[in-house]
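Asks: Can you read through this structure? Questions will come right after.
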Amino acid sequence: MSKKILLIDGNSLAFRAFYAMYQQLDRMVTPEGLHTNALVAFNNFIESIVLPMQPDMALVAWDARSGKETFRGDLYPEYKSGRDKTPAEFKEQFPYLHEMVEAHGLHNYEQVGLEADDIIGTLSRVGQAAGDQVIIITGDADLTQLVTDDITVKLTKKGVTQVEVYTPDFIMEQYGITPAQIIDKKALTGDTSDNYPGVTKIGEKTALKLLKQYHDLENLYAHVDEMKPSKMKEHLIEDKDIAFRAQKLATIITDAKLPIGLTDIEYHGPKEKGLVSLFEKLHFKQALNKLRANSLFDDNGEAAEEAETKQGNFTEVKELTADVLKQLVKEKSLAFHIDTTGPNYHTADMFAFALGNDKVGYYGSRDFTLFDNEDLRQIIESEDIALQLFNAKEHWVLCHRLGLNLAGADFDFLLVAYLLDTVGNDNVLSTLAGRFGRYLANDEEIYGKGAKFAIPEDDKVLIDHIGHKAQTIFDLRDQAFADLDEHEQGHLYNDIELPLSFVLAKMEAQGFTVKEDRLAKMGQEMDEQIANLKTEIYQMAGEEFNINSTKQLGTLLFDKMGLPVIKKTKTGYSTAVEVLEKLAPQAPIVEHILAYRQLAKLKSTYVDGLLAVVDPADHKVHTRFLQTLTQTGRLSSVDPNLQNIPMRTEAGRKIRHAFVPAHEGWEIFGADYSQIELRVLASITGDPAMEHAFVEDEDIHAETARKVFGLPDDAPVDAEQRRTAKAVNFGIVYGISDYGLSKNLNIPRKDAKNFIETYFKEFPRIHQWMGQIKEQAHKDGYVETIEHRRRYLPDINAKNFNTRSFAERTAMNSPIQGSAADIIKIAMIKVSRAIEEKGMQANMLVQVHDELVFECPKEELEELRETVTKVMDSAVKLAIPLKVESHAGPTWYEAK
DNA sequence: CTTCTCACG
DNA sequence: ACGTACGTGAGAAGG
């Protein structure tokens with residue numbers, strides 16, 4: 001019977017693998033310092049291309065490691081010379097490539113005196129002779145000369161997981177020649193990568209033309225005298241020897257003497273133990289998890305053993321009943337978890353929950369009427385039963401919907417994992433558990449995703465899964481808390497993030513009232529203006545097109561109207577605001593397009609977008625503040641995003657008229673920190689000049705202007721100077737670069753550089769701190785805020801200048817932005833407590849990074865203003881005073 | 001599902 | 001020489 005024989009060109013694929021993931025080189029390093037980019041890509045290649053083929057025989061051929069003494073070297077000493085030296089980061093991965101091949105159940109082979117091509121060439125002919133089907137995978141187009149009806153070559157196209165299939169028909173279609181003629185094509189053109197020449201001035205196009213006419217090299221030279229006189233003819237005659245030598249060099253050996261045969265390369269599938277040990281060595285966490293997930297269902301001996309130990313992580317999950325709850329209510333500590341049908345826990349359906357601990361075991365249920373059970377209510381509401389959770393904020397809201405007040409939260413795995421390491425935090429229990437070496441099935445595997453989402457009918461599947469979640473949370477508690485201690489983050493977790501999560505939960509549940517009719521009316525007015533603008537734009541353009549399409553707009557402005565291209569994007573012309581503003585003086589249509597853009601944005605995002613998420617039951621929007629997303633410690637807000645409601649332009653700011661208090665006779669009150677990031681910077685660095693400016697409550701941008709423009713202390717500063725200084729201050733906070741500043745201010749880079757140098761001279765401690773924080777990042781691999789919030793910077797020692805520079809700017813910016821985030825978080829907790837203690841009715845509604853928004857009865861306004869200002873002012877003790885400004889009014893529009 | 005643009009701090 | 005300002009989320013296009 002015909003067998004499937006797979007022959008892989010190891011060197012060319014490994015080489016491709018290395019460069020396919022070259023961008024990742026610096027970030028893919030094991031703790032031992034081994035680069036793994038080629039290994040990762042090669043593993044992907046085997047898993048996605050090789051395994052699905054299920055070959056009967058499989059071999060990976062390598063060029064012999066010792067020297068290149070092949071016949072080709074004898075024939076032409078320059079063969080393959082002049083190549084760049086193999087990078088050390090690639091070389092060190094070679095031994096593991098061989099081990100990986102073995103572990104996947106493939107065979108390695110190399111032989112002195114032969115190249116990988118020759119081994120593949122020879123074995124492919126052996127296979128063909130035996131009547132088998134041969135598949136060759138390579139990144140080297142040379143091998144296509146081996147193609148026949150029984151031998152297919154798959155050539156990697158992009159990276160290593162996309163291939164193009166070469167058959168005789170395909171080659172004929174592509175080049176108009178047969179596979180055998182590929183050798184003669186190379187005889188004529190030579191090969192720059194293998195460093196041997198062909199006939200002078202003959203490239204691919206000419207070679208193909210000649211081969212179509214004369215079929216092969218021998219015949220061509222037999223008739224070369226009959227050719228019309230031409231430069232090409234002269235070159236052909238001149239370089240005849242070179243051509244025949246190139247022909248020999250290009251010819252892959254198909255009859256080498258090999259001590260191995262087909263029976264030596266039989267494929268019997270991957271060797272699980274080998275893979276596990278290799279992946280552990282290489283710290284391939286994803287690959288390991290995948291392996292473990294699959295082995296649970298695998299029934300071959302070796303894998304089953306593996307599965308047992310993995311399943312041993314979990315105890316049996318039982319059905320939760322009222323009797324069980326009688327037992328559970330006596331426990332001091334319980335893991336608790338609810339699953340919902342979607343990420344928006346304000347609206348998603350709850351379909352299963354679990355409770356348990358290591359002593360009494362784990363219990364799951366789909367029956368939410370159990371939440372009427374007194375024992376369960378006590379478990380959730382009692383301060384005395386410590387709850388172990390994944391996302392405490394979500395569970396507070398879910399319990400709130402069930403009419404319960406969640407209390408006694410002890411461990412929030414999501415929050416702790418985020419504090420330990422913000423990088424690669426996908427907010428999914430199973431992946432975070434993986435970070436702690438604990439396997440758990442993905443929700444996606446159990447429930448599916450998107451349209452395929454379905455709650456399993458089988459209790460065994462559903463109840464087991466949710467029970468295992470509870471167990472995972474419970475089991476990881478001690479380890480996670482120990483890590484937290486090691487990071488000195490106990491205070492950050494216990495006194496800031498965990499209490500904050502309940503402050504946020506209440507804000508979310510409270511919601512912000514939106515006057516839908518006001519919004520709708522604004523929408524109508526906008527629609528009219530949009531329609532008018534559209535007509536004018538079409539008229540000016542002389543045609544109708546989709547103004548929202550950057551592609552169509554680009555065609556109009558740059559191709560049809562011939563306006564100068566200011567900036568390009570990856571895919572075409574940029575039509576961003578800064579580009580259009582530069583074009584506006586040259587073409588009146590541009591102003592209209594800008595106006596259209598602004599209105600279209602406001603209408604779709606803020607009018608239609610907001611109306612779509614207003615809860616019809618209470619006319620409020622209930623955002624979710626994501627507490628474990630940003631890399632700096634800030635919050636983010638989704639569904640809707642209440643942190644980017646327009647403010648900077650009057651037209652946009654009007655949207656805020658629609659945000660109103662929940663009750664008649666109430667007001668909206670906003671309080672914001674003035675210049676908090678610069679104050680934090682002044683405080684951390686202890687810079688005397690900056691400190692002085694803040695202590696004296698000077699205009700900081702004007703003060704900076706005097707410094708960078710060398711003006712006397714009390715000299716007046718004009719608007720332009722202040723604007724420039726403001727941009728410099730922003731730049732400082734972002735981790736300044738002359739390039740960035742020059743772009744922002746639209747000034748020559750040299751001038752920007754001057755500003756920065758002067759700035760650093762005038763604020764020497766800031767300069768000093770910038771150097772120090774970078775150094776610390778290089779040494780430790782992370783930076784910290786005033787509350788020990790940590791941000792890891794895996795790219796800080798990258799070889800690539802850009803990658804490294806980005807990490808360095810981040811090192812400067814994160815402690816500043818993050819410390820400001822720490823401060824307002826502390827303030828939020830204290831404000832919330834103060835409101836409660838004073839028995840005030842006010843509600844905190846939104847946080848916008850340096851600003852808090854409240855609603856309160858009019859009579860309470862002054863007390864609230866006093867309380868909030870005082871608490872925010874004194875939230876933390878800094879060397880620099882914090883300053884709070886506040887505004888109030890009937891809507892959010894006035895409260896800023 | 002990615003890219004571009006634009007809203008906020 | 002390199003070619004970047006820091007942190008977010010949402011909507012519309014277009015493949």
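Ligands are numbered from 1 in the order shown, residues from 1 within each chain, and chains are lettered A, B, ... in the order they appear in the structure tokens.
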Please give the complete set of residues from stretch 718-861 of chain A that DSSP, run on the backbone, assigns to helix (DSSP H, G or I), formatted as a PyMOL selection string.

Replies: chain A and resi 719-734+738-745+749-762+764-780+801-837+858-861

Asks: For A:Phe694, list every protein, DNA or RNA residue within 12 Å, evaluated using only C-alpha atoms (C1' of nucleotides), and leave out those in the same chain fewer than 2 positions away; present the list as a ChimeraX atom specification.

Replies: /A:674-676,678-683,686-692,696-704,878-883

Asks: Out of stretch 218-427 of chain A, which residues get strand (DSSP E) from DSSP, as a PyMOL selection string?

Replies: chain A and resi 317-319+333-340+350-357+361-365+386-389+409-412

Asks: Using only C-alpha atoms (C1' of nucleotides), which residue out of A:Thr803, A:Ser886, A:Thr605, A:Thr758 lies closest to C:DG11?

Replies: A:Thr605

Asks: Specify as a PDB file with N, CA and C atoms, in the first residue's frame all residues of chain A found within 9 Å of chain C, counting only C-alpha atoms (C1' of nucleotides).

Replies:
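The result, written out as selection-v3.pdb:
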```
ATOM      1  N   ASN A 548     -16.736  58.627   5.516  1.00  0.00           N
ATOM      2  CA  ASN A 548     -16.171  57.886   6.650  1.00  0.00           C
ATOM      3  C   ASN A 548     -15.059  56.932   6.235  1.00  0.00           C
ATOM      4  N   SER A 549     -15.000  56.630   4.952  1.00  0.00           N
ATOM      5  CA  SER A 549     -13.969  55.692   4.493  1.00  0.00           C
ATOM      6  C   SER A 549     -12.668  56.449   4.225  1.00  0.00           C
ATOM      7  N   THR A 550     -11.637  56.140   5.023  1.00  0.00           N
ATOM      8  CA  THR A 550     -10.357  56.824   4.843  1.00  0.00           C
ATOM      9  C   THR A 550      -9.796  56.508   3.466  1.00  0.00           C
ATOM     10  N   LYS A 551     -10.126  55.317   2.989  1.00  0.00           N
ATOM     11  CA  LYS A 551      -9.608  54.912   1.691  1.00  0.00           C
ATOM     12  C   LYS A 551     -10.192  55.779   0.568  1.00  0.00           C
ATOM     13  N   LYS A 601     -18.635  61.616  14.551  1.00  0.00           N
ATOM     14  CA  LYS A 601     -18.073  60.946  15.722  1.00  0.00           C
ATOM     15  C   LYS A 601     -18.985  61.145  16.940  1.00  0.00           C
ATOM     16  N   SER A 604     -22.364  59.202  16.426  1.00  0.00           N
ATOM     17  CA  SER A 604     -22.367  57.736  16.498  1.00  0.00           C
ATOM     18  C   SER A 604     -21.879  57.236  17.860  1.00  0.00           C
ATOM     19  N   THR A 605     -20.806  57.843  18.358  1.00  0.00           N
ATOM     20  CA  THR A 605     -20.250  57.317  19.598  1.00  0.00           C
ATOM     21  C   THR A 605     -21.018  57.783  20.822  1.00  0.00           C
ATOM     22  N   GLY A 609     -24.392  55.801  20.588  1.00  0.00           N
ATOM     23  CA  GLY A 609     -23.694  54.832  21.435  1.00  0.00           C
ATOM     24  C   GLY A 609     -24.224  54.834  22.859  1.00  0.00           C
ATOM     25  N   THR A 630      -5.191  48.082  33.038  1.00  0.00           N
ATOM     26  CA  THR A 630      -4.115  48.958  32.572  1.00  0.00           C
ATOM     27  C   THR A 630      -2.770  48.548  33.167  1.00  0.00           C
ATOM     28  N   GLN A 631      -1.745  48.889  32.429  1.00  0.00           N
ATOM     29  CA  GLN A 631      -0.394  48.526  32.843  1.00  0.00           C
ATOM     30  C   GLN A 631       0.135  49.472  33.921  1.00  0.00           C
ATOM     31  N   THR A 632      -0.586  50.573  34.166  1.00  0.00           N
ATOM     32  CA  THR A 632      -0.072  51.583  35.089  1.00  0.00           C
ATOM     33  C   THR A 632      -0.806  51.617  36.421  1.00  0.00           C
ATOM     34  N   ARG A 634      -4.103  52.618  36.486  1.00  0.00           N
ATOM     35  CA  ARG A 634      -5.330  53.366  36.273  1.00  0.00           C
ATOM     36  C   ARG A 634      -6.497  52.426  36.117  1.00  0.00           C
ATOM     37  N   LEU A 635      -7.710  52.993  36.241  1.00  0.00           N
ATOM     38  CA  LEU A 635      -8.898  52.234  35.903  1.00  0.00           C
ATOM     39  C   LEU A 635      -9.160  52.420  34.423  1.00  0.00           C
ATOM     40  N   SER A 636      -9.990  51.568  33.861  1.00  0.00           N
ATOM     41  CA  SER A 636     -10.564  51.908  32.566  1.00  0.00           C
ATOM     42  C   SER A 636     -12.060  51.680  32.694  1.00  0.00           C
ATOM     43  N   SER A 637     -12.808  52.172  31.729  1.00  0.00           N
ATOM     44  CA  SER A 637     -14.261  52.154  31.832  1.00  0.00           C
ATOM     45  C   SER A 637     -14.842  51.665  30.509  1.00  0.00           C
ATOM     46  N   VAL A 638     -15.761  50.726  30.589  1.00  0.00           N
ATOM     47  CA  VAL A 638     -16.364  50.179  29.358  1.00  0.00           C
ATOM     48  C   VAL A 638     -17.879  50.054  29.504  1.00  0.00           C
ATOM     49  N   ASP A 639     -18.519  50.086  28.336  1.00  0.00           N
ATOM     50  CA  ASP A 639     -19.921  49.657  28.261  1.00  0.00           C
ATOM     51  C   ASP A 639     -20.876  50.472  29.119  1.00  0.00           C
ATOM     52  N   PRO A 640     -20.912  51.780  29.062  1.00  0.00           N
ATOM     53  CA  PRO A 640     -20.158  52.651  28.169  1.00  0.00           C
ATOM     54  C   PRO A 640     -18.880  53.148  28.846  1.00  0.00           C
ATOM     55  N   ASN A 641     -17.995  53.683  28.030  1.00  0.00           N
ATOM     56  CA  ASN A 641     -16.801  54.328  28.565  1.00  0.00           C
ATOM     57  C   ASN A 641     -17.200  55.720  29.046  1.00  0.00           C
ATOM     58  N   GLN A 643     -15.160  57.576  30.731  1.00  0.00           N
ATOM     59  CA  GLN A 643     -13.927  58.339  30.937  1.00  0.00           C
ATOM     60  C   GLN A 643     -13.509  59.111  29.691  1.00  0.00           C
ATOM     61  N   ASN A 644     -14.280  59.010  28.628  1.00  0.00           N
ATOM     62  CA  ASN A 644     -13.944  59.834  27.457  1.00  0.00           C
ATOM     63  C   ASN A 644     -15.142  60.590  26.887  1.00  0.00           C
ATOM     64  N   PHE A 730       4.284  68.063  29.550  1.00  0.00           N
ATOM     65  CA  PHE A 730       3.661  66.800  29.156  1.00  0.00           C
ATOM     66  C   PHE A 730       4.725  65.797  28.733  1.00  0.00           C
ATOM     67  N   GLY A 731       5.630  66.291  27.926  1.00  0.00           N
ATOM     68  CA  GLY A 731       6.696  65.419  27.430  1.00  0.00           C
ATOM     69  C   GLY A 731       7.486  64.807  28.563  1.00  0.00           C
ATOM     70  N   VAL A 733       6.489  64.121  31.536  1.00  0.00           N
ATOM     71  CA  VAL A 733       5.687  63.070  32.168  1.00  0.00           C
ATOM     72  C   VAL A 733       5.672  61.797  31.316  1.00  0.00           C
ATOM     73  N   TYR A 734       5.703  61.947  30.009  1.00  0.00           N
ATOM     74  CA  TYR A 734       5.647  60.784  29.118  1.00  0.00           C
ATOM     75  C   TYR A 734       6.989  60.096  28.941  1.00  0.00           C
ATOM     76  N   GLY A 735       8.055  60.651  29.506  1.00  0.00           N
ATOM     77  CA  GLY A 735       9.375  60.086  29.245  1.00  0.00           C
ATOM     78  C   GLY A 735       9.868  60.703  27.954  1.00  0.00           C
ATOM     79  N   ILE A 736      10.376  61.901  28.083  1.00  0.00           N
ATOM     80  CA  ILE A 736      10.556  62.784  26.925  1.00  0.00           C
ATOM     81  C   ILE A 736      11.534  62.263  25.864  1.00  0.00           C
ATOM     82  N   SER A 737      11.277  62.627  24.618  1.00  0.00           N
ATOM     83  CA  SER A 737      12.256  62.450  23.538  1.00  0.00           C
ATOM     84  C   SER A 737      12.165  63.691  22.660  1.00  0.00           C
ATOM     85  N   ASP A 738      13.288  64.095  22.086  1.00  0.00           N
ATOM     86  CA  ASP A 738      13.263  65.299  21.261  1.00  0.00           C
ATOM     87  C   ASP A 738      12.339  65.115  20.062  1.00  0.00           C
ATOM     88  N   TYR A 739      12.338  63.897  19.535  1.00  0.00           N
ATOM     89  CA  TYR A 739      11.496  63.627  18.382  1.00  0.00           C
ATOM     90  C   TYR A 739      10.017  63.857  18.701  1.00  0.00           C
ATOM     91  N   GLY A 740       9.574  63.281  19.822  1.00  0.00           N
ATOM     92  CA  GLY A 740       8.181  63.401  20.217  1.00  0.00           C
ATOM     93  C   GLY A 740       7.781  64.846  20.439  1.00  0.00           C
ATOM     94  N   LEU A 741       8.642  65.571  21.123  1.00  0.00           N
ATOM     95  CA  LEU A 741       8.338  66.974  21.409  1.00  0.00           C
ATOM     96  C   LEU A 741       8.302  67.797  20.129  1.00  0.00           C
ATOM     97  N   LYS A 743       7.541  66.807  17.189  1.00  0.00           N
ATOM     98  CA  LYS A 743       6.346  66.486  16.436  1.00  0.00           C
ATOM     99  C   LYS A 743       5.126  67.154  17.052  1.00  0.00           C
ATOM    100  N   ASN A 744       5.088  67.104  18.379  1.00  0.00           N
ATOM    101  CA  ASN A 744       3.947  67.684  19.054  1.00  0.00           C
ATOM    102  C   ASN A 744       3.861  69.192  18.852  1.00  0.00           C
ATOM    103  N   PHE A 801      16.650  49.105  19.277  1.00  0.00           N
ATOM    104  CA  PHE A 801      16.650  50.449  19.859  1.00  0.00           C
ATOM    105  C   PHE A 801      15.242  50.937  20.200  1.00  0.00           C
ATOM    106  N   ASN A 802      14.327  50.738  19.253  1.00  0.00           N
ATOM    107  CA  ASN A 802      12.974  51.245  19.476  1.00  0.00           C
ATOM    108  C   ASN A 802      12.270  50.538  20.605  1.00  0.00           C
ATOM    109  N   SER A 805      13.847  51.689  23.797  1.00  0.00           N
ATOM    110  CA  SER A 805      13.522  53.077  24.122  1.00  0.00           C
ATOM    111  C   SER A 805      12.102  53.205  24.652  1.00  0.00           C
ATOM    112  N   PHE A 806      11.215  52.445  24.040  1.00  0.00           N
ATOM    113  CA  PHE A 806       9.825  52.466  24.482  1.00  0.00           C
ATOM    114  C   PHE A 806       9.754  52.029  25.943  1.00  0.00           C
ATOM    115  N   ARG A 809      10.983  54.800  28.236  1.00  0.00           N
ATOM    116  CA  ARG A 809      10.007  55.873  28.460  1.00  0.00           C
ATOM    117  C   ARG A 809       8.921  55.403  29.414  1.00  0.00           C
ATOM    118  N   THR A 810       8.549  54.131  29.231  1.00  0.00           N
ATOM    119  CA  THR A 810       7.552  53.562  30.126  1.00  0.00           C
ATOM    120  C   THR A 810       8.061  53.551  31.560  1.00  0.00           C
ATOM    121  N   ASN A 813       7.476  56.970  32.822  1.00  0.00           N
ATOM    122  CA  ASN A 813       6.076  57.398  32.922  1.00  0.00           C
ATOM    123  C   ASN A 813       5.264  56.609  33.953  1.00  0.00           C
ATOM    124  N   SER A 814       5.494  55.303  34.039  1.00  0.00           N
ATOM    125  CA  SER A 814       4.618  54.470  34.869  1.00  0.00           C
ATOM    126  C   SER A 814       4.616  54.830  36.352  1.00  0.00           C
ATOM    127  N   GLN A 817       2.380  58.129  36.416  1.00  0.00           N
ATOM    128  CA  GLN A 817       0.965  57.902  36.153  1.00  0.00           C
ATOM    129  C   GLN A 817       0.373  56.955  37.205  1.00  0.00           C
TER     130      GLN A 817
END
```

Asks: Distance limit 7 Å, atoms considered: only C-alpha atoms (C1' of nucleotides). Which chain A residues sit that close to chain B? Return them as a list in words.

Replies: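 Taken together, these residues fit the definition: Ala576, Gln643, Asn644, Ile645, Pro646, Val848 and His849 of chain A.
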
Asks: Output the selection as a compact mmCIF listing (two decimals), in the first residue's frame - N, CA and C atoms for each residue.

Replies:
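As written to disk, again_19.txt reads:
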```txt
# COMPACT_ATOMS: atom_id res chain seq x y z
N ALA A 576 -5.76 61.72 9.03
CA ALA A 576 -5.98 62.12 10.41
C ALA A 576 -6.10 63.64 10.52
N GLN A 643 -15.16 57.58 30.73
CA GLN A 643 -13.93 58.34 30.94
C GLN A 643 -13.51 59.11 29.69
N ASN A 644 -14.28 59.01 28.63
CA ASN A 644 -13.94 59.83 27.46
C ASN A 644 -15.14 60.59 26.89
N ILE A 645 -16.01 61.03 27.76
CA ILE A 645 -17.12 61.88 27.34
C ILE A 645 -16.53 63.24 26.94
N PRO A 646 -16.92 63.78 25.77
CA PRO A 646 -16.28 64.98 25.23
C PRO A 646 -16.23 66.15 26.21
N VAL A 848 -12.57 59.77 36.67
CA VAL A 848 -11.91 60.00 35.38
C VAL A 848 -10.44 60.35 35.62
N HIS A 849 -9.72 59.42 36.20
CA HIS A 849 -8.26 59.48 36.38
C HIS A 849 -7.77 60.54 37.40
```

Asks: Which neighbours of A:Leu864 fall inside 12 Å, counting only C-alpha atoms (C1' of nucleotides), when residues of the same chain fewer than 3 positions from it are skipped, and could you give them as an NGL selection string?

Replies: :A and (667-671 or 831-832 or 834-836 or 838-844 or 852-861 or 867-872 or 886-888)

Asks: Find the residues near A:Gly361: any atom within 9 Å, counting only C-alpha atoms (C1' of nucleotides), skip ones fewer than 6 places away on the same chain, and give them as a PDB file with N, CA and C atoms, in the first residue's frame.

Replies:
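Saved the output as result20.pdb:
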```
ATOM      1  N   THR A 315     -10.883  17.374  43.106  1.00  0.00           N
ATOM      2  CA  THR A 315     -11.702  16.378  43.782  1.00  0.00           C
ATOM      3  C   THR A 315     -13.047  16.308  43.076  1.00  0.00           C
ATOM      4  N   GLU A 316     -13.847  15.350  43.438  1.00  0.00           N
ATOM      5  CA  GLU A 316     -15.149  15.202  42.814  1.00  0.00           C
ATOM      6  C   GLU A 316     -16.048  16.376  43.203  1.00  0.00           C
ATOM      7  N   VAL A 317     -16.791  16.896  42.230  1.00  0.00           N
ATOM      8  CA  VAL A 317     -17.706  17.994  42.535  1.00  0.00           C
ATOM      9  C   VAL A 317     -19.106  17.419  42.709  1.00  0.00           C
ATOM     10  N   LYS A 318     -19.766  17.799  43.796  1.00  0.00           N
ATOM     11  CA  LYS A 318     -21.105  17.256  44.062  1.00  0.00           C
ATOM     12  C   LYS A 318     -22.160  18.347  43.940  1.00  0.00           C
ATOM     13  N   LEU A 355     -19.453  26.445  45.453  1.00  0.00           N
ATOM     14  CA  LEU A 355     -18.959  26.767  46.798  1.00  0.00           C
ATOM     15  C   LEU A 355     -18.105  25.603  47.268  1.00  0.00           C
ATOM     16  N   GLN A 471     -12.350  25.334  43.313  1.00  0.00           N
ATOM     17  CA  GLN A 471     -11.206  24.659  43.922  1.00  0.00           C
ATOM     18  C   GLN A 471      -9.887  25.320  43.531  1.00  0.00           C
TER      19      GLN A 471
END
```

Asks: In Å, how far is it from atom CA of A:Tyr893 to atom CA of A:Tyr596?

Replies: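 Interatomic distance, atom CA of A:Tyr893 to atom CA of A:Tyr596: 23.1 Å.
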
Asks: Tell me, in Å to one decimal, how far atom CA of A:Thr189 is from atom CA of A:Ile242.

Replies: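 These atoms are spaced 10.3 Å apart.
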